[in-house]
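S.K.: See final23.cif below, with mmCIF, C-alpha atoms.
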data_final
#
loop_
_atom_site.label_atom_id
_atom_site.label_comp_id
_atom_site.auth_asym_id
_atom_site.auth_seq_id
_atom_site.Cartn_x
_atom_site.Cartn_y
_atom_site.Cartn_z
CA MET A 1 -15.74 48.53 40.46
CA SER A 2 -13.85 46.75 43.24
CA ALA A 3 -10.31 45.45 42.85
CA ALA A 4 -11.53 41.90 43.54
CA THR A 5 -13.91 42.10 40.63
CA GLY A 6 -11.27 43.48 38.28
CA ASN A 7 -11.70 44.96 34.83
CA PRO A 8 -13.58 42.58 32.45
CA SER A 9 -12.12 44.19 29.32
CA SER A 10 -8.56 43.70 30.56
CA ALA A 11 -9.31 40.07 31.45
CA ILE A 12 -10.70 39.46 27.97
CA SER A 13 -7.69 41.10 26.34
CA GLN A 14 -5.37 39.06 28.58
CA ARG A 15 -7.09 35.81 27.61
CA SER A 16 -7.01 36.83 23.98
CA ALA A 17 -3.27 37.54 24.13
CA THR A 18 -2.66 34.17 25.79
CA SER A 19 -4.73 32.39 23.17
CA LYS A 20 -2.82 34.12 20.40
CA THR A 21 0.46 33.08 21.98
CA LEU A 22 -0.69 29.47 22.26
CA ASP A 23 -1.92 29.47 18.67
CA THR A 24 1.35 30.92 17.42
CA GLY A 25 3.35 28.39 19.41
CA PHE A 26 1.24 25.50 18.12
CA ILE A 27 1.62 26.64 14.50
CA LEU A 28 5.38 26.96 14.97
CA LEU A 29 5.55 23.50 16.55
CA THR A 30 3.61 21.86 13.72
CA ARG A 31 5.85 23.57 11.15
CA ILE A 32 8.91 22.24 12.94
CA PHE A 33 7.45 18.72 12.93
CA ALA A 34 6.52 19.01 9.23
CA ALA A 35 10.01 20.21 8.37
CA GLY A 36 11.45 17.39 10.48
CA VAL A 37 9.54 14.81 8.44
CA GLY A 38 10.88 16.31 5.21
CA ILE A 39 14.42 16.43 6.57
CA LEU A 40 14.18 12.81 7.74
CA LEU A 41 12.95 11.72 4.32
CA LEU A 42 15.76 13.59 2.61
CA TRP A 43 18.29 12.16 5.06
CA ILE A 44 17.19 8.59 4.31
CA ALA A 45 17.42 9.24 0.57
CA ILE A 46 20.90 10.76 0.89
CA ILE A 47 22.27 7.91 3.03
CA VAL A 48 20.87 5.22 0.73
CA GLY A 49 22.04 7.15 -2.34
CA ILE A 50 25.59 7.51 -1.01
CA GLN A 51 25.77 3.79 -0.26
CA ALA A 52 24.49 3.04 -3.80
CA ILE A 53 27.06 5.21 -5.60
CA PRO A 54 29.52 2.36 -6.42
CA ALA A 55 26.74 0.30 -8.03
CA ILE A 56 25.40 3.35 -9.87
CA GLN A 57 28.87 4.06 -11.26
CA THR A 58 29.41 0.41 -12.23
CA PHE A 59 26.05 -0.48 -13.77
CA GLY A 60 24.35 2.84 -14.50
CA LEU A 61 20.69 2.84 -15.50
CA GLY A 62 21.18 -0.56 -17.13
CA PHE A 63 20.96 -1.96 -13.61
CA ILE A 64 17.19 -1.49 -13.74
CA THR A 65 16.74 -3.49 -16.96
CA SER A 66 19.38 -6.18 -16.37
CA SER A 67 18.16 -9.63 -15.25
CA THR A 68 21.44 -11.07 -13.91
CA TRP A 69 22.03 -11.27 -10.16
CA ASN A 70 25.27 -13.17 -9.58
CA PRO A 71 27.16 -12.41 -6.34
CA VAL A 72 29.97 -14.78 -7.35
CA LYS A 73 30.84 -12.74 -10.45
CA ASP A 74 29.74 -9.41 -8.93
CA ILE A 75 27.19 -8.86 -11.70
CA TYR A 76 23.88 -7.45 -10.57
CA GLY A 77 20.62 -6.46 -12.22
CA ALA A 78 17.37 -5.46 -10.56
CA TRP A 79 14.77 -6.12 -13.25
CA PRO A 80 13.38 -9.44 -11.88
CA HIS A 81 12.90 -7.82 -8.49
CA VAL A 82 11.41 -4.61 -9.86
CA TYR A 83 9.10 -6.69 -12.05
CA GLY A 84 8.08 -8.89 -9.12
CA THR A 85 7.39 -5.85 -6.96
CA LEU A 86 5.15 -4.22 -9.57
CA VAL A 87 3.29 -7.39 -10.56
CA SER A 88 2.63 -8.63 -7.01
CA ALA A 89 1.37 -5.19 -5.97
CA SER A 90 -0.83 -5.01 -9.10
CA ILE A 91 -2.35 -8.44 -8.37
CA ALA A 92 -3.03 -7.38 -4.79
CA LEU A 93 -4.68 -4.14 -5.88
CA LEU A 94 -6.75 -5.91 -8.54
CA LEU A 95 -8.11 -8.34 -5.94
CA ALA A 96 -8.44 -6.00 -2.96
CA LEU A 97 -9.93 -2.87 -4.57
CA PRO A 98 -13.39 -4.19 -5.56
CA VAL A 99 -13.71 -6.20 -2.36
CA GLY A 100 -12.54 -3.30 -0.20
CA VAL A 101 -14.94 -0.81 -1.75
CA GLY A 102 -17.75 -3.37 -1.49
CA VAL A 103 -17.00 -3.93 2.21
CA ALA A 104 -16.89 -0.17 2.74
CA LEU A 105 -20.33 0.21 1.13
CA PHE A 106 -21.71 -2.66 3.18
CA LEU A 107 -20.43 -1.18 6.45
CA SER A 108 -21.43 2.42 5.68
CA GLU A 109 -25.06 1.64 4.80
CA ASP A 110 -27.77 0.31 7.08
CA PHE A 111 -27.75 -3.23 5.74
CA LEU A 112 -27.06 -4.54 9.25
CA PRO A 113 -28.01 -3.46 12.78
CA ALA A 114 -25.65 -0.84 14.19
CA ARG A 115 -24.31 -3.18 16.89
CA ILE A 116 -23.29 -5.88 14.41
CA GLN A 117 -21.90 -3.26 12.05
CA ASN A 118 -19.66 -1.86 14.80
CA ILE A 119 -18.34 -5.33 15.55
CA LEU A 120 -17.48 -5.89 11.89
CA VAL A 121 -15.76 -2.50 11.69
CA PHE A 122 -13.66 -3.45 14.72
CA VAL A 123 -12.72 -6.78 13.13
CA LEU A 124 -11.79 -5.00 9.91
CA GLU A 125 -9.49 -2.60 11.76
CA LEU A 126 -8.03 -5.52 13.71
CA LEU A 127 -6.94 -7.15 10.44
CA ALA A 128 -4.72 -4.15 9.74
CA ALA A 129 -2.98 -4.61 13.10
CA ILE A 130 -1.90 -8.21 12.51
CA PRO A 131 1.91 -8.41 12.05
CA SER A 132 3.03 -9.27 8.55
CA VAL A 133 5.03 -12.28 9.73
CA VAL A 134 1.79 -13.81 11.00
CA TYR A 135 0.30 -13.39 7.53
CA GLY A 136 3.42 -15.07 6.17
CA PHE A 137 3.10 -18.10 8.45
CA TRP A 138 -0.59 -18.35 7.63
CA GLY A 139 0.29 -18.17 3.95
CA ILE A 140 2.77 -21.04 4.28
CA VAL A 141 0.45 -23.29 6.27
CA VAL A 142 -2.93 -22.52 4.70
CA LEU A 143 -2.67 -20.45 1.56
CA ILE A 144 0.12 -22.23 -0.32
CA PRO A 145 -1.66 -25.66 -0.30
CA THR A 146 -4.91 -23.96 -1.33
CA MET A 147 -3.30 -21.86 -4.06
CA ARG A 148 -1.43 -24.91 -5.36
CA TYR A 149 -4.82 -26.42 -6.18
CA VAL A 150 -6.19 -23.12 -7.52
CA GLY A 151 -3.05 -22.56 -9.59
CA GLY A 152 -3.30 -26.05 -11.05
CA LEU A 153 -6.93 -25.40 -11.98
CA LEU A 154 -6.00 -22.11 -13.65
CA ASN A 155 -3.20 -23.82 -15.55
CA ARG A 156 -5.44 -26.61 -16.81
CA THR A 157 -8.19 -24.25 -17.94
CA LEU A 158 -6.25 -21.13 -18.96
CA GLY A 159 -2.78 -22.55 -19.49
CA TRP A 160 -2.79 -21.35 -23.09
CA LEU A 161 -2.38 -17.83 -21.69
CA PRO A 162 1.21 -16.87 -20.77
CA LEU A 163 -0.14 -15.52 -17.50
CA PHE A 164 -1.05 -19.03 -16.29
CA ALA A 165 1.45 -21.16 -18.22
CA LEU A 166 4.08 -23.47 -16.77
CA PRO A 167 7.59 -24.15 -18.15
CA PRO A 168 8.04 -27.15 -20.46
CA GLY A 169 8.35 -30.31 -18.43
CA GLN A 170 6.57 -28.91 -15.37
CA THR A 171 3.10 -30.36 -15.03
CA GLU A 172 1.90 -28.92 -11.73
CA VAL A 173 2.26 -25.85 -9.55
CA THR A 174 4.95 -26.44 -6.94
CA GLY A 175 3.68 -24.10 -4.23
CA PRO A 176 5.20 -20.66 -3.53
CA GLY A 177 4.80 -18.16 -6.32
CA MET A 178 3.69 -14.76 -7.48
CA HIS A 179 0.00 -15.67 -7.21
CA VAL A 180 0.36 -16.60 -3.53
CA ALA A 181 2.20 -13.36 -2.77
CA GLY A 182 -0.48 -11.38 -4.59
CA VAL A 183 -3.27 -12.95 -2.54
CA VAL A 184 -1.42 -12.39 0.76
CA LEU A 185 -0.82 -8.76 -0.15
CA ALA A 186 -4.47 -8.36 -1.15
CA ILE A 187 -5.57 -9.59 2.28
CA MET A 188 -3.09 -7.26 3.97
CA ILE A 189 -4.15 -4.11 2.11
CA LEU A 190 -7.87 -4.90 2.13
CA PRO A 191 -8.44 -3.33 5.60
CA ILE A 192 -6.70 -0.12 4.49
CA ILE A 193 -8.87 0.30 1.41
CA ALA A 194 -12.07 -0.68 3.22
CA ALA A 195 -11.51 1.50 6.30
CA ILE A 196 -10.53 4.67 4.41
CA SER A 197 -13.27 4.17 1.81
CA ARG A 198 -15.84 3.70 4.56
CA ASP A 199 -14.73 6.92 6.25
CA ALA A 200 -15.00 8.73 2.91
CA LEU A 201 -18.51 7.39 2.30
CA ILE A 202 -19.68 8.29 5.80
CA SER A 203 -18.34 11.83 5.31
CA VAL A 204 -20.55 12.46 2.27
CA ALA A 205 -23.15 15.10 3.08
CA PRO A 206 -26.51 13.42 3.82
CA GLU A 207 -28.27 16.13 1.81
CA LEU A 208 -26.90 14.58 -1.39
CA ARG A 209 -28.52 11.23 -0.57
CA GLN A 210 -31.79 12.85 0.43
CA ALA A 211 -31.88 14.94 -2.73
CA ALA A 212 -31.26 11.91 -4.94
CA LEU A 213 -33.95 9.88 -3.20
CA GLY A 214 -36.31 12.84 -3.35
CA LEU A 215 -35.86 12.99 -7.13
CA GLY A 216 -36.89 9.36 -7.43
CA ALA A 217 -33.54 7.57 -7.52
CA THR A 218 -33.41 4.05 -6.14
CA ARG A 219 -31.11 3.11 -3.31
CA TRP A 220 -28.48 1.56 -5.56
CA GLU A 221 -28.71 4.41 -8.05
CA THR A 222 -28.00 6.77 -5.17
CA ILE A 223 -25.04 4.68 -4.03
CA LEU A 224 -23.51 4.19 -7.47
CA LYS A 225 -24.21 7.62 -9.00
CA ILE A 226 -24.07 9.91 -5.97
CA MET A 227 -22.26 8.35 -3.00
CA LEU A 228 -19.34 6.74 -4.80
CA PRO A 229 -18.52 9.77 -7.02
CA ALA A 230 -18.76 12.10 -4.01
CA ALA A 231 -16.39 9.89 -1.99
CA SER A 232 -14.07 9.15 -4.90
CA SER A 233 -11.20 11.31 -3.64
CA GLY A 234 -11.08 9.44 -0.33
CA ILE A 235 -11.38 6.07 -2.07
CA VAL A 236 -8.55 6.92 -4.46
CA GLY A 237 -6.41 8.15 -1.57
CA GLY A 238 -6.95 4.94 0.39
CA THR A 239 -6.22 2.86 -2.70
CA MET A 240 -2.92 4.62 -3.36
CA LEU A 241 -1.94 4.32 0.29
CA ALA A 242 -2.64 0.59 0.11
CA LEU A 243 -0.59 0.34 -3.08
CA GLY A 244 2.35 1.93 -1.29
CA ARG A 245 2.00 -0.65 1.48
CA ALA A 246 1.93 -3.48 -1.06
CA LEU A 247 5.06 -2.22 -2.83
CA GLY A 248 7.11 -2.18 0.36
CA GLU A 249 5.82 -5.25 2.19
CA THR A 250 8.71 -7.54 3.17
CA MET A 251 8.29 -10.51 5.49
CA ALA A 252 4.97 -11.94 4.34
CA VAL A 253 6.02 -11.73 0.69
CA THR A 254 9.46 -13.20 1.39
CA MET A 255 7.86 -16.24 3.01
CA VAL A 256 5.46 -17.10 0.18
CA ILE A 257 6.81 -15.77 -3.13
CA GLY A 258 9.58 -18.36 -3.65
CA ASN A 259 12.45 -15.84 -4.01
CA ALA A 260 13.48 -16.86 -7.53
CA LYS A 261 15.74 -14.32 -9.22
CA ALA A 262 14.01 -14.53 -12.59
CA ALA A 263 11.21 -12.58 -14.25
CA SER A 264 8.43 -14.69 -15.76
CA THR A 265 5.17 -13.75 -17.41
CA SER A 266 3.46 -16.57 -15.49
CA VAL A 267 2.11 -15.68 -12.06
CA LEU A 268 2.17 -19.36 -11.06
CA LEU A 269 5.96 -19.47 -10.80
CA PRO A 270 8.24 -18.36 -7.94
CA ALA A 271 9.46 -14.78 -8.17
CA SER A 272 11.12 -12.10 -6.07
CA THR A 273 10.52 -8.50 -5.01
CA ILE A 274 12.92 -5.76 -4.01
CA ALA A 275 11.84 -6.03 -0.39
CA SER A 276 12.32 -9.82 -0.30
CA LEU A 277 15.73 -9.46 -1.96
CA LEU A 278 16.83 -7.02 0.73
CA ALA A 279 15.53 -9.26 3.50
CA ASN A 280 17.31 -12.34 2.12
CA GLU A 281 20.72 -10.89 1.24
CA PHE A 282 21.37 -7.72 3.20
CA ALA A 283 22.74 -9.42 6.35
CA GLU A 284 25.56 -11.19 4.47
CA ALA A 285 26.27 -8.62 1.75
CA ASP A 286 29.37 -6.45 1.42
CA GLY A 287 31.25 -4.56 -1.26
CA LEU A 288 29.52 -4.18 -4.60
CA GLN A 289 26.73 -6.52 -3.58
CA LEU A 290 25.84 -4.27 -0.64
CA SER A 291 25.96 -1.24 -2.91
CA SER A 292 23.70 -3.01 -5.42
CA LEU A 293 21.22 -3.77 -2.66
CA MET A 294 21.26 -0.10 -1.74
CA TYR A 295 20.64 0.71 -5.38
CA THR A 296 17.55 -1.52 -5.38
CA ALA A 297 16.43 0.11 -2.12
CA LEU A 298 16.78 3.50 -3.82
CA ILE A 299 14.63 2.26 -6.70
CA LEU A 300 11.97 1.07 -4.23
CA PHE A 301 12.18 4.41 -2.45
CA GLY A 302 11.59 6.15 -5.76
CA LEU A 303 8.63 3.90 -6.62
CA THR A 304 6.87 4.52 -3.32
CA LEU A 305 7.57 8.24 -3.56
CA LEU A 306 6.14 8.28 -7.08
CA VAL A 307 3.01 6.48 -5.88
CA ASN A 308 2.48 9.05 -3.12
CA VAL A 309 2.99 11.96 -5.51
CA LEU A 310 0.52 10.43 -7.98
CA ALA A 311 -1.94 9.88 -5.15
CA GLU A 312 -1.78 13.54 -4.18
CA VAL A 313 -2.25 14.65 -7.80
CA ILE A 314 -5.17 12.28 -8.40
CA VAL A 315 -6.91 13.18 -5.14
CA ARG A 316 -6.65 16.89 -5.91
CA ARG A 317 -8.10 16.39 -9.38
CA PHE A 318 -11.00 14.36 -8.00
CA ARG A 319 -11.72 17.11 -5.49
CA GLN A 320 -11.94 19.63 -8.31
CA ILE A 321 -14.50 17.59 -10.25
#
Represent the structure from my file as structure tokens, please.

M.R.:
Amino acid sequence: MSAATGNPSSAISQRSATSKTLDTGFILLTRIFAAGVGILLLWIAIIVGIQAIPAIQTFGLGFITSSTWNPVKDIYGAWPHVYGTLVSASIALLLALPVGVGVALFLSEDFLPARIQNILVFVLELLAAIPSVVYGFWGIVVLIPTMRYVGGLLNRTLGWLPLFALPPGQTEVTGPGMHVAGVVLAIMILPIIAAISRDALISVAPELRQAALGLGATRWETILKIMLPAASSGIVGGTMLALGRALGETMAVTMVIGNAKAASTSVLLPASTIASLLANEFAEADGLQLSSLMYTALILFGLTLLVNVLAEVIVRRFRQI
């Protein structure tokens, strides 16, 4: 064999060695990036925790259950803001989850021509790219007047429930409130739930659908009893990701929730969240007030971390079913 032709076996072994080197380097690089993410997360927690130490020492765990936030007297309690964060995110999830899964089903089946379906998918993804401050301005201009009427209707028909009651002496819904923030958050997390759920439904093996139809199942029986259970892990994952987004949303909620430092069972009244509290007071805070804000930020950090851990646990269990 001529020198120009070379030895094929040596060329193959040389390429194989190069490929192994590239694979090893890529694995090492991804491990470094993964470790960097963990280190960054830990760094954020440590910095926020150190800043929160004075408030932790002063108020202890009672900070979470206390309802007083008085910068003049340096007395702080996070319960109204924790409550507002949980309730607004729950309202958003309650509204967005059925609609998001329904949109995902509609856009993953052949109810529409493929061209129109692609346009709707693009519009859905575009909703997720809109800045939150734009949602906030839209909420002020459009949603608050609309929800004032809706809130008044709910109060007149269901006012005997604490959830839709108004304080004595107040006869109508003033405007900003927990219900407005919940609707804004629902609109913001809807694209996340719908897009991830659609991807999960599309990823279901077509053999499952064909087998169900072959056994005589109707289209909707196939969707409800085969497609949705098979895609449940992806749907749950998207839902938990959306919940994490709702818990930490700042600007849009700050603009429409009313920022009242009080916890109320009625969703028609102004409220506050941890994120809106930080946005409103962080720039002018110092001393114990700044430390208390860091304490609330640490609580929010813990809530979002808990949601992500629960999401991982739930998704793994659904995969095992």

S.K.: Could you give me, as CSV, every stretch 28-134 of chain A residue with an atom at most 7 Å from stretch 259-267 of chain A, plus its closest atom pair and distance in Å to one decimal, counting only C-alpha atoms, rows ordered by chain then number?

M.R.:
residue,atom,partner,partner_atom,distance
A:Ser67,CA,A:Ala262,CA,7.0
A:Pro80,CA,A:Ala263,CA,4.5
A:Tyr83,CA,A:Ala263,CA,6.6

S.K.: For this structure, which residues satisfy the selection - the PyMOL selection byres ((chain A and resi 280-296) around 8) - when it is evaluated on the file as given? I want them as a ChimeraX atom specification.

M.R.: /A:48-49,51-56,71,74,76,78,254,274,276-279,297-300

S.K.: Restricting the calculation to only C-alpha atoms, which member of A:Leu127, A:Val101, A:Leu86, A:Ile64 is positioned closest to A:Ser272?

M.R.: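 Residue with the minimum atom-to-atom distance to A:Ser272: A:Leu86.
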
S.K.: Rounded to one decimal place, report the atom CA of A:Ala128-atom CA of A:Ile193 distance in Å.

M.R.: 10.3 Å

S.K.: Given only C-alpha atoms as the basis, pick out the residue of A:Leu201, A:Val309, A:Leu112, A:Met147 nearest to A:Ile235.

M.R.: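 Selected residue with least distance to A:Ile235: A:Leu201.
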
S.K.: Work out how far atom CA of A:Leu247 is from atom CA of A:Leu303, in Å to one decimal.

M.R.: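 Between atom CA of A:Leu303 and atom CA of A:Leu247 the gap works out to 8.0 Å.
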
S.K.: Just the residues within 9 Å of A:Thr174, please, counting all atoms listed in the file, with nothing from its chain fewer than 5 positions along; format it as a PDB file with C-alpha atoms, keeping the file's coordinate frame.

M.R.:
ATOM      1  CA  ARG A 148      -1.430 -24.910  -5.360  1.00  0.00           C
ATOM      2  CA  LEU A 268       2.170 -19.360 -11.060  1.00  0.00           C
ATOM      3  CA  LEU A 269       5.960 -19.470 -10.800  1.00  0.00           C
ATOM      4  CA  PRO A 270       8.240 -18.360  -7.940  1.00  0.00           C
TER       5      PRO A 270
END
